[in-house]
file entry-v6.txt (compact mmCIF, C-alpha atoms)
# COMPACT_ATOMS: atom_id res chain seq x y z
CA MET A 1 -20.91 43.00 -23.28
CA ARG A 2 -17.67 42.19 -25.11
CA GLN A 3 -18.37 39.17 -27.25
CA VAL A 4 -16.88 37.69 -30.40
CA SER A 5 -19.16 38.06 -33.39
CA MET A 6 -21.27 35.09 -34.44
CA ARG A 7 -19.56 35.16 -37.83
CA ALA A 8 -16.15 34.72 -36.16
CA ALA A 9 -17.52 32.02 -33.89
CA ALA A 10 -18.90 30.17 -36.89
CA ALA A 11 -15.47 30.31 -38.53
CA ILE A 12 -13.90 28.64 -35.53
CA GLY A 13 -15.65 25.34 -36.07
CA THR A 14 -15.62 22.55 -33.53
CA VAL A 15 -13.98 23.28 -30.18
CA LEU A 16 -10.59 21.61 -29.88
CA VAL A 17 -10.52 18.84 -27.29
CA VAL A 18 -7.21 17.58 -25.92
CA THR A 19 -7.37 14.46 -23.77
CA LEU A 20 -5.01 13.63 -20.94
CA ALA A 21 -3.88 10.06 -21.52
CA ALA A 22 -3.45 7.78 -18.54
CA CYS A 23 0.16 6.75 -17.96
CA ALA A 24 1.70 3.75 -16.27
CA GLY A 25 5.07 4.45 -14.68
CA GLU A 26 7.08 7.43 -15.89
CA PRO A 27 5.02 10.38 -17.13
CA SER A 28 7.71 10.90 -19.73
CA LYS A 29 6.60 7.76 -21.60
CA PRO A 30 2.82 8.01 -21.76
CA ALA A 31 0.58 5.38 -23.23
CA SER A 32 -1.07 6.21 -26.52
CA PRO A 33 -4.15 8.35 -26.02
CA SER A 34 -7.43 6.50 -26.23
CA GLY A 35 -8.84 8.93 -28.76
CA SER A 36 -8.03 11.61 -31.27
CA PRO A 37 -6.47 14.77 -29.84
CA SER A 38 -9.20 16.82 -31.49
CA ALA A 39 -12.93 16.32 -31.66
CA SER A 40 -12.77 17.41 -35.29
CA GLY A 41 -9.82 15.32 -36.42
CA PRO A 42 -6.08 16.08 -36.63
CA ALA A 43 -5.02 19.50 -35.41
CA LYS A 44 -4.58 22.14 -38.09
CA SER A 45 -1.26 23.91 -38.51
CA GLU A 46 -2.87 27.29 -37.77
CA SER A 47 -6.21 28.22 -36.20
CA PRO A 48 -8.35 31.14 -37.38
CA VAL A 49 -8.15 34.32 -35.33
CA ALA A 50 -11.48 34.38 -33.50
CA ASP A 51 -11.24 37.83 -31.93
CA PRO A 52 -8.72 40.17 -33.62
CA SER A 53 -9.31 42.91 -31.04
CA HIS A 54 -8.02 40.59 -28.29
CA ALA A 55 -5.44 38.64 -30.32
CA VAL A 56 -1.75 38.56 -29.49
CA GLU A 57 1.21 37.33 -31.52
CA MET A 58 0.77 33.74 -32.65
CA PRO A 59 3.15 31.29 -30.98
CA GLY A 60 5.39 29.15 -33.12
CA LYS A 61 6.44 25.60 -32.40
CA ARG A 62 7.05 24.85 -28.75
CA GLU A 63 10.66 25.36 -27.65
CA GLY A 64 12.61 24.62 -24.50
CA THR A 65 12.14 22.32 -21.53
CA LEU A 66 8.78 21.18 -20.17
CA HIS A 67 8.50 22.13 -16.50
CA SER A 68 6.62 20.78 -13.51
CA THR A 69 4.35 23.19 -11.62
CA ASP A 70 5.43 22.85 -8.01
CA LEU A 71 4.80 26.26 -6.41
CA LEU A 72 2.55 29.25 -6.98
CA ILE A 73 3.49 32.70 -5.71
CA LEU A 74 0.48 35.02 -5.60
CA SER A 75 0.41 38.72 -4.74
CA GLU A 76 -2.17 41.50 -4.92
CA ASP A 77 0.36 43.62 -6.82
CA THR A 78 2.66 42.99 -9.76
CA LEU A 79 5.71 40.96 -8.76
CA SER A 80 8.78 43.05 -9.53
CA SER A 81 11.26 41.97 -12.18
CA GLY A 82 13.97 42.11 -9.49
CA ASP A 83 12.14 39.63 -7.27
CA VAL A 84 11.42 37.34 -10.21
CA LYS A 85 15.11 37.39 -11.12
CA LYS A 86 16.11 36.55 -7.53
CA ILE A 87 13.67 33.63 -7.42
CA ARG A 88 14.89 32.35 -10.77
CA GLY A 89 18.42 32.27 -9.35
CA LEU A 90 17.62 30.35 -6.16
CA ASP A 91 19.17 26.92 -5.68
CA GLY A 92 16.64 24.27 -6.63
CA VAL A 93 14.54 26.47 -8.92
CA SER A 94 14.56 25.05 -12.45
CA GLY A 95 12.00 27.30 -14.12
CA VAL A 96 9.63 30.24 -13.52
CA GLU A 97 6.74 31.73 -15.47
CA GLN A 98 5.10 35.05 -14.59
CA ILE A 99 1.36 35.18 -15.17
CA SER A 100 -1.70 37.15 -14.08
CA MET A 101 -4.26 35.44 -11.85
CA ALA A 102 -7.70 36.39 -10.60
CA GLN A 103 -10.87 34.77 -9.35
CA VAL A 104 -14.12 35.46 -11.15
CA SER A 105 -17.65 34.74 -9.97
CA VAL A 106 -19.40 32.27 -12.26
CA GLU A 107 -22.86 31.09 -11.29
CA GLY A 108 -22.32 31.56 -7.59
CA ARG A 109 -18.78 30.20 -7.28
CA LEU A 110 -15.34 31.75 -7.53
CA VAL A 111 -13.24 30.28 -10.30
CA LYS A 112 -9.51 30.86 -10.90
CA VAL A 113 -8.59 32.21 -14.32
CA VAL A 114 -5.06 33.06 -15.50
CA ALA A 115 -3.88 35.39 -18.26
CA VAL A 116 -0.67 34.26 -19.91
CA ASP A 117 1.80 34.56 -22.73
CA PRO A 118 0.76 31.45 -24.73
CA SER A 119 4.23 30.91 -26.20
CA THR A 120 5.95 30.47 -22.82
CA TYR A 121 3.21 29.37 -20.42
CA ARG A 122 2.59 26.24 -22.52
CA ASN A 123 5.88 24.74 -21.23
CA PHE A 124 4.30 24.54 -17.77
CA ALA A 125 1.15 22.79 -18.99
CA PRO A 126 0.72 18.99 -19.11
CA PHE A 127 2.58 17.72 -22.16
CA GLN A 128 -0.54 16.86 -24.19
CA SER A 129 -1.60 20.51 -24.00
CA ALA A 130 1.96 21.85 -24.23
CA ASP A 131 2.61 20.13 -27.54
CA SER A 132 -0.70 21.09 -29.17
CA ASP A 133 0.05 24.13 -31.33
CA GLU A 134 -3.64 24.69 -32.00
CA VAL A 135 -4.52 25.10 -28.31
CA TRP A 136 -2.12 28.03 -27.95
CA GLN A 137 -2.99 29.50 -31.33
CA ARG A 138 -6.59 29.65 -30.15
CA VAL A 139 -5.64 31.29 -26.88
CA ALA A 140 -3.44 33.77 -28.77
CA GLY A 141 -6.35 34.41 -31.14
CA GLY A 142 -8.58 35.61 -28.32
CA GLU A 143 -10.28 32.40 -27.19
CA MET A 144 -10.24 30.62 -23.85
CA ALA A 145 -8.81 27.19 -23.00
CA ILE A 146 -10.64 25.36 -20.21
CA ASP A 147 -9.37 22.38 -18.24
CA PRO A 148 -11.78 19.54 -19.16
CA GLU A 149 -11.82 18.43 -15.51
CA ARG A 150 -13.16 21.88 -14.55
CA GLN A 151 -15.59 22.61 -17.38
CA ASP A 152 -18.61 22.27 -15.08
CA GLU A 153 -17.37 25.38 -13.28
CA LEU A 154 -17.39 27.35 -16.55
CA PRO A 155 -20.54 26.39 -18.43
CA ALA A 156 -20.69 27.71 -21.98
CA ASP A 157 -23.86 29.03 -23.58
CA LYS A 158 -25.32 27.65 -26.81
CA ASP A 159 -22.91 29.76 -28.86
CA GLY A 160 -19.85 28.57 -26.95
CA PHE A 161 -19.27 31.66 -24.78
CA VAL A 162 -18.52 31.75 -21.05
CA ARG A 163 -19.46 34.82 -19.05
CA LEU A 164 -16.68 35.68 -16.60
CA GLY A 165 -18.57 37.50 -13.86
CA SER A 166 -21.96 37.74 -12.25
CA LYS A 167 -23.11 40.97 -13.92
CA LYS A 168 -25.14 40.88 -17.11
CA ASP A 169 -22.51 42.99 -18.87
CA ALA A 170 -19.57 40.89 -17.63
CA THR A 171 -16.88 39.88 -20.10
CA SER A 172 -17.76 36.90 -22.28
CA VAL A 173 -15.06 34.85 -23.99
CA HIS A 174 -15.47 32.14 -26.60
CA VAL A 175 -14.22 28.67 -25.64
CA GLY A 176 -11.60 27.57 -28.16
CA ALA A 177 -10.26 24.44 -26.47
CA TYR A 178 -10.74 22.02 -23.63
CA ALA A 179 -7.15 21.19 -22.71
CA PRO A 180 -5.54 19.95 -19.45
CA GLN A 181 -3.94 22.63 -17.27
CA PRO A 182 -1.45 22.31 -14.39
CA PRO A 183 -3.26 20.54 -11.51
CA GLY A 184 -4.40 22.86 -8.77
CA LEU A 185 -3.51 26.02 -10.70
CA THR A 186 -6.46 27.18 -12.76
CA ALA A 187 -9.72 26.28 -14.45
CA ALA A 188 -9.16 28.40 -17.54
CA VAL A 189 -6.54 30.31 -19.52
CA VAL A 190 -6.84 33.49 -21.58
CA ASN A 191 -4.16 35.65 -23.17
CA ASP A 192 -2.73 38.84 -21.65
CA LYS A 193 -5.01 41.15 -23.66
CA TRP A 194 -8.05 39.52 -22.11
CA GLY A 195 -6.35 39.83 -18.72
CA GLU A 196 -6.17 43.58 -19.22
CA GLU A 197 -9.79 43.69 -20.37
CA MET A 198 -10.88 41.84 -17.24
CA GLY A 199 -8.89 44.15 -14.97
CA MET A 200 -6.41 41.56 -13.74
CA GLU A 201 -3.32 42.82 -11.91
CA LYS A 202 -0.61 42.19 -14.49
CA GLY A 203 2.07 39.71 -13.47
CA ASN A 204 0.83 39.21 -9.91
CA ALA A 205 1.59 35.48 -9.90
CA LEU A 206 4.58 33.27 -10.56
CA ILE A 207 4.71 29.56 -11.31
CA VAL A 208 7.89 27.92 -9.99
CA SER A 209 9.31 24.55 -11.00
CA THR A 210 11.63 22.69 -8.63
CA ALA A 211 12.06 19.49 -10.63
CA ALA A 212 15.52 18.81 -9.15
CA VAL A 213 14.60 19.18 -5.46
CA ALA A 214 11.62 18.73 -3.13
CA PRO A 215 9.39 21.83 -3.40
CA ASN A 216 9.33 22.54 0.35
CA ARG A 217 13.08 23.21 0.31
CA VAL A 218 12.67 26.46 -1.60
CA VAL A 219 9.50 27.78 0.07
CA ALA A 220 11.35 29.66 2.83
CA PRO A 221 13.94 31.26 0.49
CA ILE A 222 11.15 32.39 -1.86
CA GLN A 223 9.08 33.77 1.01
CA LYS A 224 12.12 35.75 2.11
CA VAL A 225 12.33 37.32 -1.36
CA VAL A 226 8.66 38.23 -1.76
CA GLY A 227 7.91 39.12 1.86
CA SER A 228 4.75 38.57 3.86
CA ASP A 229 2.42 40.32 1.42
CA ALA A 230 2.66 37.45 -1.08
CA SER A 231 1.64 33.83 -0.52
CA VAL A 232 3.73 30.82 -1.54
CA GLN A 233 1.50 27.83 -2.22
CA ARG A 234 2.58 24.27 -2.99
CA LEU A 235 1.00 22.71 -6.07
CA ASP A 236 2.96 19.42 -6.08
CA VAL A 237 0.91 16.27 -5.96
CA VAL A 238 1.98 15.21 -2.46
CA ALA A 239 0.64 18.48 -1.06
CA ARG A 240 -2.57 18.18 -3.13
CA ALA A 241 -3.18 14.51 -2.34
CA GLY A 242 -2.47 14.92 1.36
CA LEU A 243 -0.56 11.67 1.63
CA ASP A 244 -0.06 10.54 5.23
CA PRO A 245 3.68 10.60 6.00
CA ASN A 246 3.14 8.06 8.75
CA ALA A 247 1.37 5.49 6.57
CA PRO A 248 3.65 2.87 5.01
CA GLN A 249 3.23 2.47 1.25
CA LYS A 250 4.20 -0.54 -0.83
CA ALA A 251 5.27 -0.90 -4.44
CA TYR A 252 4.45 -4.18 -6.15
CA VAL A 253 6.72 -4.51 -9.17
CA VAL A 254 6.25 -7.32 -11.66
CA GLY A 255 8.08 -8.30 -14.83
CA THR A 256 11.69 -9.06 -15.58
CA VAL A 257 13.16 -6.46 -13.21
CA ALA A 258 11.13 -7.52 -10.17
CA GLU A 259 14.24 -9.31 -8.88
CA ALA A 260 16.00 -5.96 -8.62
CA VAL A 261 13.20 -4.37 -6.60
CA GLY A 262 11.89 -7.11 -4.34
CA ASN A 263 9.77 -6.10 -1.33
CA TYR A 264 9.70 -2.30 -1.53
CA THR A 265 8.10 -0.40 1.36
CA TYR A 266 8.35 3.37 1.77
CA ARG A 267 6.81 6.43 3.42
CA ALA A 268 5.86 9.70 1.73
CA ASN A 269 7.66 12.61 3.37
CA GLY A 270 5.15 15.27 2.36
CA ASP A 271 7.73 17.18 0.29
CA GLY A 272 7.88 15.09 -2.87
CA THR A 273 10.55 12.73 -1.53
CA ILE A 274 10.03 9.27 -0.09
CA THR A 275 11.89 7.22 2.51
CA PRO A 276 12.26 3.55 1.61
CA ALA A 277 12.64 1.06 4.44
CA SER A 278 16.23 1.17 5.70
CA SER A 279 16.46 -2.61 5.39
CA TRP A 280 15.61 -2.35 1.68
CA VAL A 281 18.19 0.39 1.10
CA SER A 282 20.94 -1.56 2.86
CA SER A 283 20.19 -4.74 0.92
CA HIS A 284 19.61 -3.22 -2.53
CA ILE A 285 21.51 0.08 -2.91
CA VAL A 286 25.29 0.14 -3.27
CA THR A 287 27.98 2.62 -4.24
CA ALA A 288 30.43 1.28 -6.81
CA GLN A 289 33.00 2.37 -9.38
CA VAL A 290 32.11 2.17 -13.07
CA PRO A 291 33.93 3.32 -16.22
CA ILE A 292 33.62 6.96 -17.32
CA LEU A 293 31.25 8.06 -14.51
CA GLY A 294 33.39 6.95 -11.57
CA SER A 295 31.42 6.47 -8.34
CA VAL A 296 27.70 5.78 -8.72
CA THR A 297 25.00 4.81 -6.22
CA CYS A 298 22.53 2.40 -7.79
CA ASN A 299 20.65 -0.85 -7.36
CA LYS A 300 23.19 -3.63 -6.88
CA VAL A 301 21.47 -5.81 -9.50
CA MET A 302 21.96 -3.16 -12.18
CA ILE A 303 25.60 -2.34 -11.43
CA PRO A 304 27.14 -5.26 -13.42
CA GLN A 305 25.30 -4.46 -16.64
CA LEU A 306 25.79 -0.70 -16.24
CA ARG A 307 29.51 -1.32 -15.79
CA ALA A 308 29.54 -3.62 -18.85
CA ALA A 309 27.69 -1.10 -21.02
CA LEU A 310 30.06 1.71 -20.07
CA GLN A 311 33.09 -0.53 -20.59
CA GLU A 312 31.89 -1.32 -24.10
CA VAL A 313 31.53 2.42 -24.73
CA VAL A 314 35.18 2.79 -23.67
CA ASP A 315 36.35 -0.20 -25.73
CA ARG A 316 34.72 1.20 -28.85
CA GLY A 317 36.41 4.57 -28.46
CA LEU A 318 33.25 6.46 -27.54
CA SER A 319 34.15 7.64 -24.05
CA LYS A 320 33.91 11.31 -25.02
CA LYS A 321 30.28 10.80 -25.99
CA ILE A 322 29.37 10.59 -22.27
CA ILE A 323 30.15 13.66 -20.15
CA PRO A 324 30.80 12.72 -16.50
CA SER A 325 30.00 16.22 -15.23
CA GLN A 326 26.52 15.90 -16.75
CA TYR A 327 25.66 12.66 -14.97
CA ALA A 328 22.48 13.42 -12.95
CA GLY A 329 22.31 10.39 -10.74
CA CYS A 330 20.81 6.95 -10.39
CA TYR A 331 19.20 6.33 -6.99
CA TYR A 332 16.84 9.16 -6.09
CA PRO A 333 13.93 8.26 -3.78
CA ARG A 334 11.11 10.66 -4.69
CA PHE A 335 7.86 10.80 -6.61
CA ILE A 336 7.81 11.85 -10.23
CA ALA A 337 6.94 15.55 -10.37
CA ASN A 338 3.17 16.19 -10.24
CA THR A 339 2.29 12.55 -9.53
CA THR A 340 2.24 10.02 -6.72
CA GLN A 341 3.99 7.56 -9.03
CA LEU A 342 7.44 6.21 -8.32
CA SER A 343 10.14 6.58 -10.92
CA ASN A 344 12.66 3.86 -11.59
CA HIS A 345 15.18 6.18 -9.92
CA ALA A 346 13.42 5.36 -6.64
CA PHE A 347 14.59 1.76 -7.14
CA GLY A 348 18.05 2.78 -8.35
CA THR A 349 17.44 1.16 -11.73
CA ALA A 350 17.87 4.19 -14.01
CA VAL A 351 20.60 6.67 -14.90
CA ASP A 352 20.45 10.15 -16.43
CA LEU A 353 23.35 11.10 -18.73
CA ASN A 354 24.42 14.21 -20.68
CA THR A 355 21.65 16.32 -19.19
CA ALA A 356 22.46 19.66 -20.85
CA GLY A 357 21.63 18.62 -24.41
CA ASN A 358 19.01 15.98 -23.66
CA GLN A 359 16.05 17.65 -21.99
CA ARG A 360 12.57 16.17 -21.92
CA GLY A 361 10.47 16.77 -25.00
CA THR A 362 13.50 17.12 -27.29
CA VAL A 363 15.20 14.84 -29.81
CA GLY A 364 18.37 15.21 -27.78
CA GLU A 365 22.01 14.82 -28.67
CA MET A 366 22.70 11.33 -27.34
CA ASP A 367 25.04 9.36 -29.61
CA ARG A 368 22.99 6.61 -31.22
CA THR A 369 25.78 4.06 -31.04
CA VAL A 370 25.94 4.63 -27.28
CA VAL A 371 22.16 4.15 -27.19
CA ALA A 372 22.48 0.85 -29.06
CA ILE A 373 25.14 -0.34 -26.62
CA PHE A 374 22.93 0.42 -23.63
CA GLU A 375 19.96 -1.29 -25.26
CA ARG A 376 22.07 -4.38 -25.85
CA TRP A 377 22.92 -4.42 -22.15
CA GLY A 378 19.28 -4.42 -21.06
CA PHE A 379 18.38 -0.72 -20.92
CA THR A 380 15.45 1.19 -22.39
CA TRP A 381 16.24 4.66 -23.78
CA GLY A 382 13.87 7.53 -22.98
CA GLY A 383 14.56 9.11 -26.36
CA ASN A 384 12.25 6.54 -27.94
CA TRP A 385 9.26 7.46 -25.77
CA ARG A 386 6.34 9.47 -27.07
CA TRP A 387 7.23 12.32 -24.72
CA THR A 388 10.97 11.98 -25.06
CA ASP A 389 13.47 11.94 -22.18
CA PRO A 390 16.75 11.37 -24.04
CA MET A 391 18.99 11.67 -20.95
CA HIS A 392 17.23 8.70 -19.33
CA PHE A 393 18.27 5.04 -19.48
CA GLU A 394 16.44 2.51 -17.33
CA MET A 395 16.91 -1.22 -16.86
CA ASN A 396 14.16 -3.20 -18.57
CA ARG A 397 15.72 -6.64 -18.29
CA ILE A 398 18.47 -8.22 -16.27
CA VAL A 399 21.60 -9.03 -18.24
CA LYS A 400 24.41 -10.82 -16.45
CA PRO A 401 27.85 -10.34 -18.06
CA GLY A 402 29.55 -13.62 -18.86
call {"tool": "encode", "arguments": {"input": "entry-v6.txt", "output": "structure tokens"}}
result
Amino acid sequence: MRQVSMRAAAAIGTVLVVTLAACAGEPSKPASPSGSPSASGPAKSESPVADPSHAVEMPGKREGTLHSTDLLILSEDTLSSGDVKKIRGLDGVSGVEQISMAQVSVEGRLVKVVAVDPSTYRNFAPFQSADSDEVWQRVAGGEMAIDPERQDELPADKDGFVRLGSKKDATSVHVGAYAPQPPGLTAAVVNDKWGEEMGMEKGNALIVSTAAVAPNRVVAPIQKVVGSDASVQRLDVVARAGLDPNAPQKAYVVGTVAEAVGNYTYRANGDGTITPASSWVSSHIVTAQVPILGSVTCNKVMIPQLRAALQEVVDRGLSKKIIPSQYAGCYYPRFIANTTQLSNHAFGTAVDLNTAGNQRGTVGEMDRTVVAIFERWGFTWGGNWRWTDPMHFEMNRIVKPG
């Protein structure tokens, strides 16, 4: 049996526990977590290497965009680099991550386990896990990270090891962290060296993010690339939750912007998008001209203050700080990726600006004077959220220009 020594296990200390905070509204502005991110206090800058024989290079600080996990491509064989490149280039695909996936028998049930590159896979994990350096240092150091919602499927022994298989000599891996994983994807994560040890087919799975479009729109093009021997499975929340497309849903919005939303009824389309009642769209959504951006389609209540904010940007000589070609829209009726929550874009009360340099999870490049102008005209800036979204401005109060 391959097992980390008791001395190494003792050096590890308390298992890291990362909690998934409940959020109200946009997932990009989560509420403060109810507890400490670690059972043993603040996360350390570097975790001890628990199993040097199965360790890989330690990841540095997280870099790049955080991605939704919308589709899983799974094959018996390694997905070719050519096919991965073709999928990466498809319209609507915003990110891909190649991993290894297998099912192992644990106490009479089959459990999905993935082997990954910790430094890149973390960008597809929920943001609490993604931004915890210690979680991925522990995975890189030869330990396993288990989704806390799935820990009953992977019971650890008294020394903190989980046996991955039904045989007495099956591989055992020490649990280093309980950290949320992409919903519907896996119960546990190990690094690529453990994947080889377990006999996983290397790179036989691909996570695909389609944050800009409904996931179902790219299923057929992907299936054409990979052929019939590979499966393309939807992981988005609408597919997981099984929302009834024929059942009308209602949004009850309170607070200062309730006037802009009113009586909002919609249907889930089963592909991540929604269809608001046509009467609501005709009475609330308009297309109008505004400074800098030109034609925009937004909630009619927000148009006057959006126009006023942009005009002030012009009047103060800051027009070049907003790039019209990087305007990503206002009214967009769909669920937030990986949730059944509506974004303010579904009401037409938010705009995304300068997308290239202002991705989620980054400080961004938005000019702070422009930010102050928008805030004065009744907008909240996503760059101030805990999980930042610096391209995003949403109406948080109604301001009527004099």
call {"tool": "closest_residue", "arguments": {"input": "entry-v6.txt", "among": "A:Ala230, A:Ile73, A:Val290, A:Val15", "to": "Ala177 (chain A)", "atoms": "only C-alpha atoms"}}
result
A:Val15
call {"tool": "atom_distance", "arguments": {"input": "entry-v6.txt", "atom1": "CA of Trp381 (chain A)", "atom2": "CA of Pro215 (chain A)"}}
result
27.5 Å
call {"tool": "residues_around", "arguments": {"input": "entry-v6.txt", "residues": "Thr388 (chain A)", "least_positions_apart": "4", "cutoff": "6 Å", "atoms": "all atoms listed in the file", "output": "list in words"}}
result
Arg360, Gly361, Gly382 and Gly383 of chain A
call {"tool": "residues_around", "arguments": {"input": "entry-v6.txt", "residues": "region 116-128 of chain A", "least_positions_apart": "2", "cutoff": "7 Å", "atoms": "all atoms listed in the file", "output": "PyMOL selection string"}}
result
chain A and resi 18+20+59+65-69+97+99-100+114+130-132+136+139-140+180-182+190-192
call {"tool": "residues_near_point", "arguments": {"input": "entry-v6.txt", "point": "(23.8, -2.9, -7.7)", "cutoff": "8 Å", "atoms": "only C-alpha atoms", "output": "JSON, numbers by chain"}}
result
{"A": [284, 285, 286, 287, 288, 297, 298, 299, 300, 301, 302, 303, 304]}
call {"tool": "closest_residue", "arguments": {"input": "entry-v6.txt", "among": "A:Ile146, A:Met58, A:Ile322, A:Val113", "to": "Leu16 (chain A)", "atoms": "all atoms listed in the file"}}
result
A:Ile146
call {"tool": "residues_around", "arguments": {"input": "entry-v6.txt", "residues": "Ala346 (chain A)", "least_positions_apart": "3", "cutoff": "8 Å", "atoms": "all atoms listed in the file", "output": "list in words"}}
result
Tyr331, Tyr332, Pro333, Arg334, Phe335, Leu342, Ser343 and Thr349 of chain A
call {"tool": "residues_near_point", "arguments": {"input": "entry-v6.txt", "point": "(-15.4, 25.0, -18.0)", "cutoff": "7 Å", "atoms": "all atoms listed in the file", "output": "VMD selection string"}}
result
chain A and resid 146 to 148 150 to 155 187
call {"tool": "closest_residue", "arguments": {"input": "entry-v6.txt", "among": "A:Val261, A:Val106, A:Val93, A:Val189", "to": "Val162 (chain A)", "atoms": "all atoms listed in the file"}}
result
A:Val106
call {"tool": "closest_residue", "arguments": {"input": "entry-v6.txt", "among": "A:Asn354, A:Ser325, A:Ser105, A:Thr369", "to": "Thr171 (chain A)", "atoms": "all atoms listed in the file"}}
result
A:Ser105
call {"tool": "atom_distance", "arguments": {"input": "entry-v6.txt", "atom1": "CA of Thr340 (chain A)", "atom2": "CA of Gly272 (chain A)"}}
result
8.5 Å
call {"tool": "atom_distance", "arguments": {"input": "entry-v6.txt", "atom1": "CA of Lys112 (chain A)", "atom2": "CA of Gly142 (chain A)"}}
result
18.1 Å
call {"tool": "closest_residue", "arguments": {"input": "entry-v6.txt", "among": "A:Gln305, A:Ser129, A:Ser81, A:Ser53", "to": "Phe374 (chain A)", "atoms": "only C-alpha atoms"}}
result
A:Gln305
call {"tool": "residues_around", "arguments": {"input": "entry-v6.txt", "residues": "Arg307 (chain A)", "least_positions_apart": "6", "cutoff": "10 Å", "atoms": "all atoms listed in the file", "output": "NGL selection string"}}
result
:A and (288-293 or 313 or 377 or 401)
call {"tool": "closest_residue", "arguments": {"input": "entry-v6.txt", "among": "A:Ala55, A:Leu310, A:Leu74, A:Val219", "to": "Leu185 (chain A)", "atoms": "only C-alpha atoms"}}
result
A:Leu74
